[in-house]
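Peer 1: Input coords_27.cif, format and content: mmCIF, C-alpha atoms.
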data_final
loop_
_atom_site.label_atom_id
_atom_site.label_comp_id
_atom_site.auth_asym_id
_atom_site.auth_seq_id
_atom_site.Cartn_x
_atom_site.Cartn_y
_atom_site.Cartn_z
CA GLY A 1 -140.93 -7.87 -124.05
CA ARG A 2 -142.77 -6.51 -121.10
CA GLY A 3 -144.96 -8.71 -119.04
CA ARG A 4 -145.05 -11.04 -116.14
CA LEU A 5 -145.39 -14.77 -115.83
CA VAL A 6 -146.62 -15.95 -112.44
CA GLY A 7 -147.27 -19.46 -111.29
CA ALA A 8 -147.38 -21.44 -108.07
CA PHE A 9 -148.05 -24.94 -106.87
CA ALA A 10 -147.80 -26.81 -103.61
CA GLU A 11 -147.10 -30.43 -102.83
CA GLN A 12 -147.51 -32.41 -99.66
CA SER A 13 -144.34 -34.32 -98.94
CA GLY A 14 -142.53 -35.79 -96.00
CA HIS A 15 -139.40 -34.44 -97.68
CA ALA A 16 -140.66 -30.85 -97.90
CA ASN A 17 -138.43 -28.13 -96.51
CA ALA A 18 -137.22 -24.67 -97.49
CA TYR A 19 -134.23 -26.06 -99.41
CA ARG A 20 -136.47 -28.33 -101.53
CA ASP A 21 -138.82 -25.40 -102.13
CA GLU A 22 -135.93 -23.29 -103.42
CA LEU A 23 -134.80 -26.15 -105.68
CA MET A 24 -138.34 -26.47 -107.01
CA GLY A 25 -138.36 -22.76 -107.82
CA LEU A 26 -135.07 -23.13 -109.66
CA MET A 27 -136.47 -26.12 -111.54
CA ALA A 28 -139.55 -24.09 -112.51
CA ILE A 29 -137.48 -21.26 -113.99
CA HIS A 30 -135.31 -23.75 -115.88
CA LEU A 31 -138.42 -25.38 -117.37
CA ILE A 32 -139.80 -21.96 -118.35
CA LEU A 33 -136.48 -21.17 -120.03
CA LEU A 34 -136.66 -24.53 -121.82
CA ALA A 35 -140.12 -23.62 -123.14
CA VAL A 36 -138.82 -20.26 -124.39
CA ASN A 37 -135.82 -21.96 -126.00
CA THR A 38 -138.09 -24.53 -127.65
CA MET A 39 -140.07 -21.69 -129.26
CA HIS A 40 -136.86 -19.84 -130.23
CA PRO A 41 -134.18 -22.53 -130.65
CA ASP A 42 -131.36 -20.20 -131.72
CA LEU A 43 -131.83 -17.63 -128.98
CA PRO A 44 -128.42 -16.22 -128.02
CA GLY A 45 -127.30 -14.37 -124.91
CA ARG A 46 -127.32 -14.97 -121.21
CA VAL A 47 -129.99 -15.36 -118.55
CA ASP A 48 -129.16 -14.51 -114.96
CA ILE A 49 -130.97 -16.62 -112.37
CA TYR A 50 -131.15 -15.33 -108.81
CA SER A 51 -131.96 -17.15 -105.59
CA ASP A 52 -131.76 -16.30 -101.91
CA CYS A 53 -130.67 -19.86 -101.07
CA LEU A 54 -126.93 -20.22 -101.60
CA GLY A 55 -127.02 -24.00 -101.15
CA ALA A 56 -129.70 -24.60 -103.78
CA LEU A 57 -128.14 -22.09 -106.15
CA LYS A 58 -124.71 -23.70 -105.85
CA ARG A 59 -126.13 -27.21 -106.26
CA VAL A 60 -127.93 -26.30 -109.50
CA ALA A 61 -125.06 -24.17 -110.86
CA GLU A 62 -122.62 -27.05 -110.32
CA LEU A 63 -124.70 -29.95 -111.60
CA PRO A 64 -122.45 -32.66 -112.99
CA PRO A 65 -122.63 -32.96 -116.78
CA GLN A 66 -123.73 -36.61 -116.99
CA ARG A 67 -125.61 -37.88 -113.94
CA ILE A 68 -126.75 -37.01 -110.44
CA PRO A 69 -124.59 -38.68 -107.77
CA THR A 70 -126.01 -41.67 -105.88
CA ARG A 71 -127.78 -40.86 -102.60
CA CYS A 72 -128.21 -37.23 -103.61
CA ARG A 73 -131.11 -35.62 -101.78
CA HIS A 74 -133.87 -34.19 -103.99
CA SER A 75 -132.44 -35.98 -107.01
CA ASP A 76 -135.87 -35.88 -108.69
CA ILE A 77 -135.60 -32.10 -109.05
CA LEU A 78 -131.93 -32.07 -109.97
CA LYS A 79 -132.35 -34.85 -112.53
CA ASN A 80 -135.21 -32.99 -114.18
CA ILE A 81 -133.04 -29.90 -114.57
CA LEU A 82 -130.00 -31.89 -115.73
CA VAL A 83 -131.79 -34.03 -118.30
CA ASN A 84 -134.14 -31.43 -119.76
CA CYS A 85 -132.26 -28.14 -119.51
CA ARG A 86 -128.63 -28.85 -120.34
CA GLY A 87 -128.85 -28.02 -124.05
CA LEU A 88 -130.15 -24.44 -123.95
CA SER A 89 -128.83 -22.16 -126.71
CA PHE A 90 -128.00 -19.37 -124.26
CA ASP A 91 -125.77 -19.19 -121.23
CA LEU A 92 -127.06 -19.31 -117.66
CA GLY A 93 -125.59 -17.30 -114.81
CA TYR A 94 -126.38 -17.91 -111.16
CA SER A 95 -126.29 -15.15 -108.55
CA HIS A 96 -127.24 -14.83 -104.92
CA VAL A 97 -129.67 -12.21 -103.65
CA LEU A 98 -130.15 -11.49 -99.95
CA ALA A 99 -133.43 -12.79 -98.57
CA HIS A 100 -136.20 -10.75 -96.94
CA GLN A 101 -134.72 -7.38 -97.79
CA ASP A 102 -138.20 -5.90 -97.51
CA ASP A 103 -137.98 -6.47 -93.74
CA GLN A 104 -135.34 -3.71 -93.47
CA ALA A 105 -136.07 -1.40 -96.41
CA GLN A 106 -139.08 0.04 -98.19
CA TRP A 107 -140.09 -1.63 -101.44
CA ALA A 108 -139.23 1.43 -103.56
CA ASN A 109 -135.69 1.44 -102.18
CA LEU A 110 -134.98 -2.18 -103.13
CA SER A 111 -133.20 -3.21 -106.31
CA ARG A 112 -135.34 -4.85 -109.00
CA VAL A 113 -133.73 -8.21 -108.21
CA ALA A 114 -134.54 -7.83 -104.49
CA GLN A 115 -138.13 -6.82 -105.32
CA LEU A 116 -138.58 -9.88 -107.54
CA ASN A 117 -137.14 -12.15 -104.85
CA CYS A 118 -139.50 -10.72 -102.24
CA ALA A 119 -142.44 -11.12 -104.63
CA CYS A 120 -141.48 -14.77 -105.28
CA ASP A 121 -141.23 -15.44 -101.54
CA ALA A 122 -144.65 -13.84 -100.97
CA GLY A 123 -146.15 -15.87 -103.81
CA ALA A 124 -144.73 -19.09 -102.39
CA LYS A 125 -146.11 -18.27 -98.97
CA ASN A 126 -149.55 -17.52 -100.45
CA ALA A 127 -149.51 -20.87 -102.30
CA ILE A 128 -148.86 -22.63 -99.00
CA TYR A 129 -151.62 -20.72 -97.22
CA ALA A 130 -154.05 -21.55 -100.03
CA VAL A 131 -153.65 -25.30 -99.47
CA ASP A 132 -156.54 -26.99 -97.67
CA ALA A 133 -154.85 -28.56 -94.63
CA GLN A 134 -157.62 -31.18 -94.43
CA ASP A 135 -157.16 -32.22 -98.06
CA PRO A 136 -153.63 -31.35 -99.22
CA PRO A 137 -152.69 -31.98 -102.85
CA ARG A 138 -151.03 -35.28 -103.60
CA GLN A 139 -147.55 -35.37 -104.98
CA ARG A 140 -147.32 -35.85 -108.72
CA ALA A 141 -144.57 -36.30 -111.24
CA PHE A 142 -142.92 -33.05 -112.32
CA PRO A 143 -143.37 -31.71 -115.83
CA LEU A 144 -141.08 -33.63 -118.20
CA GLU A 145 -140.14 -36.11 -115.47
CA PRO A 146 -140.17 -39.38 -117.44
CA ILE A 147 -140.44 -41.67 -114.44
CA SER A 148 -141.17 -41.32 -110.77
CA ILE A 149 -141.60 -43.83 -108.00
CA PHE A 150 -144.24 -43.61 -105.29
CA VAL A 151 -144.21 -45.77 -102.18
CA GLU A 152 -147.38 -45.65 -100.09
CA GLY A 153 -148.34 -42.33 -101.68
CA GLN A 154 -144.96 -40.66 -101.05
CA LYS A 155 -142.80 -39.74 -103.99
CA VAL A 156 -139.28 -41.10 -103.78
CA THR A 157 -137.13 -37.98 -104.07
CA SER A 158 -133.69 -39.45 -103.54
CA ASP A 159 -132.17 -42.89 -102.95
CA SER A 160 -135.15 -45.22 -102.84
CA GLY A 161 -133.69 -48.17 -100.92
CA GLU A 162 -134.53 -47.05 -97.38
CA LEU A 163 -138.11 -46.03 -98.23
CA ILE A 164 -138.83 -49.27 -100.10
CA ARG A 165 -137.31 -51.42 -97.32
CA PHE A 166 -139.39 -49.60 -94.70
CA ALA A 167 -142.61 -50.07 -96.69
CA ALA A 168 -141.84 -53.75 -97.31
CA HIS A 169 -141.07 -54.42 -93.63
CA LYS A 170 -144.18 -52.51 -92.60
CA THR A 171 -146.28 -54.75 -94.87
CA LEU A 172 -144.62 -57.89 -93.46
CA ALA A 173 -145.08 -56.69 -89.87
CA ARG A 174 -148.73 -55.87 -90.47
CA ALA A 175 -149.35 -59.34 -91.93
CA PHE A 176 -147.43 -61.02 -89.09
CA PHE A 177 -149.23 -59.17 -86.30
CA ALA A 178 -152.63 -59.56 -87.98
CA GLY A 179 -151.96 -63.32 -88.18
CA SER A 180 -150.82 -63.56 -84.55
CA LYS A 181 -154.11 -62.06 -83.33
CA ASN A 182 -155.94 -65.05 -84.80
CA SER A 183 -153.76 -67.59 -82.97
#
Please re-express this file's structure in structure tokens.

Peer 2:
Amino acid sequence: GRGRLVGAFAEQSGHANAYRDELMGLMAIHLILLAVNTMHPDLPGRVDIYSDCLGALKRVAELPPQRIPTRCRHSDILKNILVNCRGLSFDLGYSHVLAHQDDQAQWANLSRVAQLNCACDAGAKNAIYAVDAQDPPRQRAFPLEPISIFVEGQKVTSDSGELIRFAAHKTLARAFFAGSKNS
């Protein structure tokens, strides 16, 4: 039908970057499509997904069928897409759209896909600006993410070994140096 679905969220993360943001957008659209497919389980056809980030688009389009490779960055996002969205009744197509086309052309002269991409970028930017820098939102588990690991308030988004070792050594060092002050 006709209509628009708009949503935004922000997370504070030491792993945040533009690539992760694009992956999160791709995860969001996959979860929306899952919700639609849950309501209409025999829905046929094809959905074209566009992104202005070739790397994120390629990574999601070429997800392995069984599991995310070890040491894969942002595996929390990719695993959520892989596990929850692999059985959709319709086909998915992935296409690239050039970013920031509204910098060179007037809105009315842009294709619908370019307009939607610019609107998504503006919405993401507004979500970031709306965050209180003094009290940023904590990271949480993603929708349908069955398990997530947090170490000292930071969500583990890829291979957890390094982060856990650092936190453990930090705790040991703190105890050691606190004990040496008493000597």

Peer 1: When distances are computed from all atoms listed in the file, which of A:Ser148, A:Ser75, A:Gln134, A:Asn117 shows the smallest separation from Gln12 in chain A?

Peer 2: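 For Gln12 in chain A, the nearest of the candidates is A:Gln134.
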
Peer 1: Record the distance separating CA of His100 in chain A and CA of Asn126 in chain A, expressed in Å with one decimal.

Peer 2: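 Separating CA of His100 in chain A from CA of Asn126 in chain A is a distance of 15.4 Å.
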
Peer 1: Given all atoms listed in the file, how would the per-residue table for range 39-147 of chain A near range 13-30 of chain A read, listing every residue at most 10 Å away with its closest atom pair and distance in Å to one decimal, sorted by chain and number, as CSV?

Peer 2:
residue,atom,partner,partner_atom,distance
A:Ile49,CA,A:Ile29,CA,8.2
A:Tyr50,CA,A:Leu26,CA,8.8
A:Ser51,CA,A:Glu22,CA,7.6
A:Asp52,CA,A:Glu22,CA,8.3
A:Cys53,CA,A:Glu22,CA,6.7
A:Leu54,CA,A:Tyr19,CA,9.6
A:Gly55,CA,A:Tyr19,CA,7.7
A:Ala56,CA,A:Leu23,CA,5.7
A:Leu57,CA,A:Leu23,CA,7.8
A:Arg59,CA,A:Leu23,CA,8.8
A:Val60,CA,A:Leu26,CA,7.8
A:Arg73,CA,A:Arg20,CA,9.1
A:His74,CA,A:Arg20,CA,6.9
A:Asp76,CA,A:Met24,CA,9.9
A:Ile77,CA,A:Met27,CA,6.5
A:Leu78,CA,A:Met27,CA,7.6
A:Lys79,CA,A:Met27,CA,9.7
A:Asn80,CA,A:Met27,CA,7.5
A:Ile81,CA,A:Met27,CA,5.9
A:Leu82,CA,A:Met27,CA,9.6
A:Asn84,CA,A:His30,CA,8.7
A:Cys85,CA,A:His30,CA,6.5
A:Arg86,CA,A:His30,CA,9.5
A:Leu88,CA,A:His30,CA,9.6
A:Leu92,CA,A:His30,CA,9.5
A:Cys120,CA,A:Gly25,CA,8.9
A:Asp121,CA,A:Glu22,CA,9.7
A:Ala124,CA,A:Asp21,CA,8.6
A:Pro136,CA,A:Ser13,CA,9.8
A:Pro137,CA,A:Ser13,CA,9.5
A:Arg138,CA,A:Ser13,CA,8.2
A:Gln139,CA,A:Ser13,CA,6.9
A:Phe142,CA,A:Met27,CA,9.5
A:Pro143,CA,A:Ala28,CA,9.1

Peer 1: Check the smallest atom-to-atom distance from each of A:Lys125, A:Val113, A:Glu62, A:Asp48 to Tyr94 in chain A using only C-alpha atoms, then report the winner.

Peer 2: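 Nearest to Tyr94 in chain A: A:Asp48.
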
Peer 1: Please determine, counting only C-alpha atoms, which residue among A:Met39, A:Leu34, A:Val83, A:Ala114 has the shortest atom-to-atom distance to Val97 in chain A.

Peer 2: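 Using only C-alpha atoms, the shortest distance to Val97 in chain A belongs to A:Ala114.
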
Peer 1: Would you mind telling me which residue in A:Thr171, A:Thr157, A:Asn37, A:Gln115 lies nearest to Asp102 in chain A when using all atoms listed in the file?

Peer 2: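 Smallest separation from Asp102 in chain A among the options: A:Gln115.
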
Peer 1: Nearest to Val156 in chain A: which of A:Ala141, A:Ala130, A:Pro69, A:Arg174 is it, counting only C-alpha atoms?

Peer 2: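 For Val156 in chain A, the nearest of the given residues is A:Ala141.
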
Peer 1: Kindly indicate which residue among A:Gln66, A:Asp91, A:Tyr129, A:Arg4 lies nearest to Arg46 in chain A, using all atoms listed in the file for the distances.

Peer 2: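 Ranked by minimum distance to Arg46 in chain A, first place goes to A:Asp91.
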
Peer 1: For a test of reading the model, state the distance in Å between CA of Leu43 in chain A and CA of His96 in chain A, rounded to one decimal.

Peer 2: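 The value is 24.7 Å.
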
Peer 1: Quote the spacing between CA of Ala105 in chain A and CA of Phe9 in chain A in Å to one decimal place.

Peer 2: 28.4 Å

Peer 1: Within 7 Å of Ser89 in chain A, counting all atoms listed in the file, which residues show up once you throw out same-chain ones fewer than 6 positions away? Write them as number ranges by chain, please.

Peer 2: A: 41-44

Peer 1: Take range 167-179 of chain A, model N, CA and C atoms, and hand the result over as a CSV table (one decimal), keeping the file's coordinate frame.

Peer 2:
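Just written: selection.csv:
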chain,number,residue,atom,x,y,z
A,167,ALA,N,-141.3,-49.7,-96.3
A,167,ALA,CA,-142.6,-50.1,-96.7
A,167,ALA,C,-142.8,-51.6,-96.7
A,168,ALA,N,-141.8,-52.3,-97.2
A,168,ALA,CA,-141.8,-53.8,-97.3
A,168,ALA,C,-141.9,-54.4,-95.9
A,169,HIS,N,-141.1,-53.9,-95.0
A,169,HIS,CA,-141.1,-54.4,-93.6
A,169,HIS,C,-142.4,-54.1,-92.9
A,170,LYS,N,-142.9,-52.9,-93.2
A,170,LYS,CA,-144.2,-52.5,-92.6
A,170,LYS,C,-145.3,-53.5,-93.0
A,171,THR,N,-145.3,-53.8,-94.3
A,171,THR,CA,-146.3,-54.8,-94.9
A,171,THR,C,-146.1,-56.1,-94.2
A,172,LEU,N,-144.9,-56.6,-94.1
A,172,LEU,CA,-144.6,-57.9,-93.5
A,172,LEU,C,-145.0,-57.9,-92.0
A,173,ALA,N,-144.7,-56.8,-91.3
A,173,ALA,CA,-145.1,-56.7,-89.9
A,173,ALA,C,-146.6,-56.7,-89.7
A,174,ARG,N,-147.3,-55.9,-90.6
A,174,ARG,CA,-148.7,-55.9,-90.5
A,174,ARG,C,-149.3,-57.3,-90.7
A,175,ALA,N,-148.8,-58.0,-91.7
A,175,ALA,CA,-149.4,-59.3,-91.9
A,175,ALA,C,-149.0,-60.3,-90.8
A,176,PHE,N,-147.8,-60.2,-90.2
A,176,PHE,CA,-147.4,-61.0,-89.1
A,176,PHE,C,-148.3,-60.7,-87.9
A,177,PHE,N,-148.5,-59.5,-87.5
A,177,PHE,CA,-149.2,-59.2,-86.3
A,177,PHE,C,-150.7,-59.4,-86.5
A,178,ALA,N,-151.2,-59.2,-87.7
A,178,ALA,CA,-152.6,-59.6,-88.0
A,178,ALA,C,-152.8,-61.1,-87.9
A,179,GLY,N,-151.9,-61.9,-88.3
A,179,GLY,CA,-152.0,-63.3,-88.2
A,179,GLY,C,-151.8,-63.8,-86.8
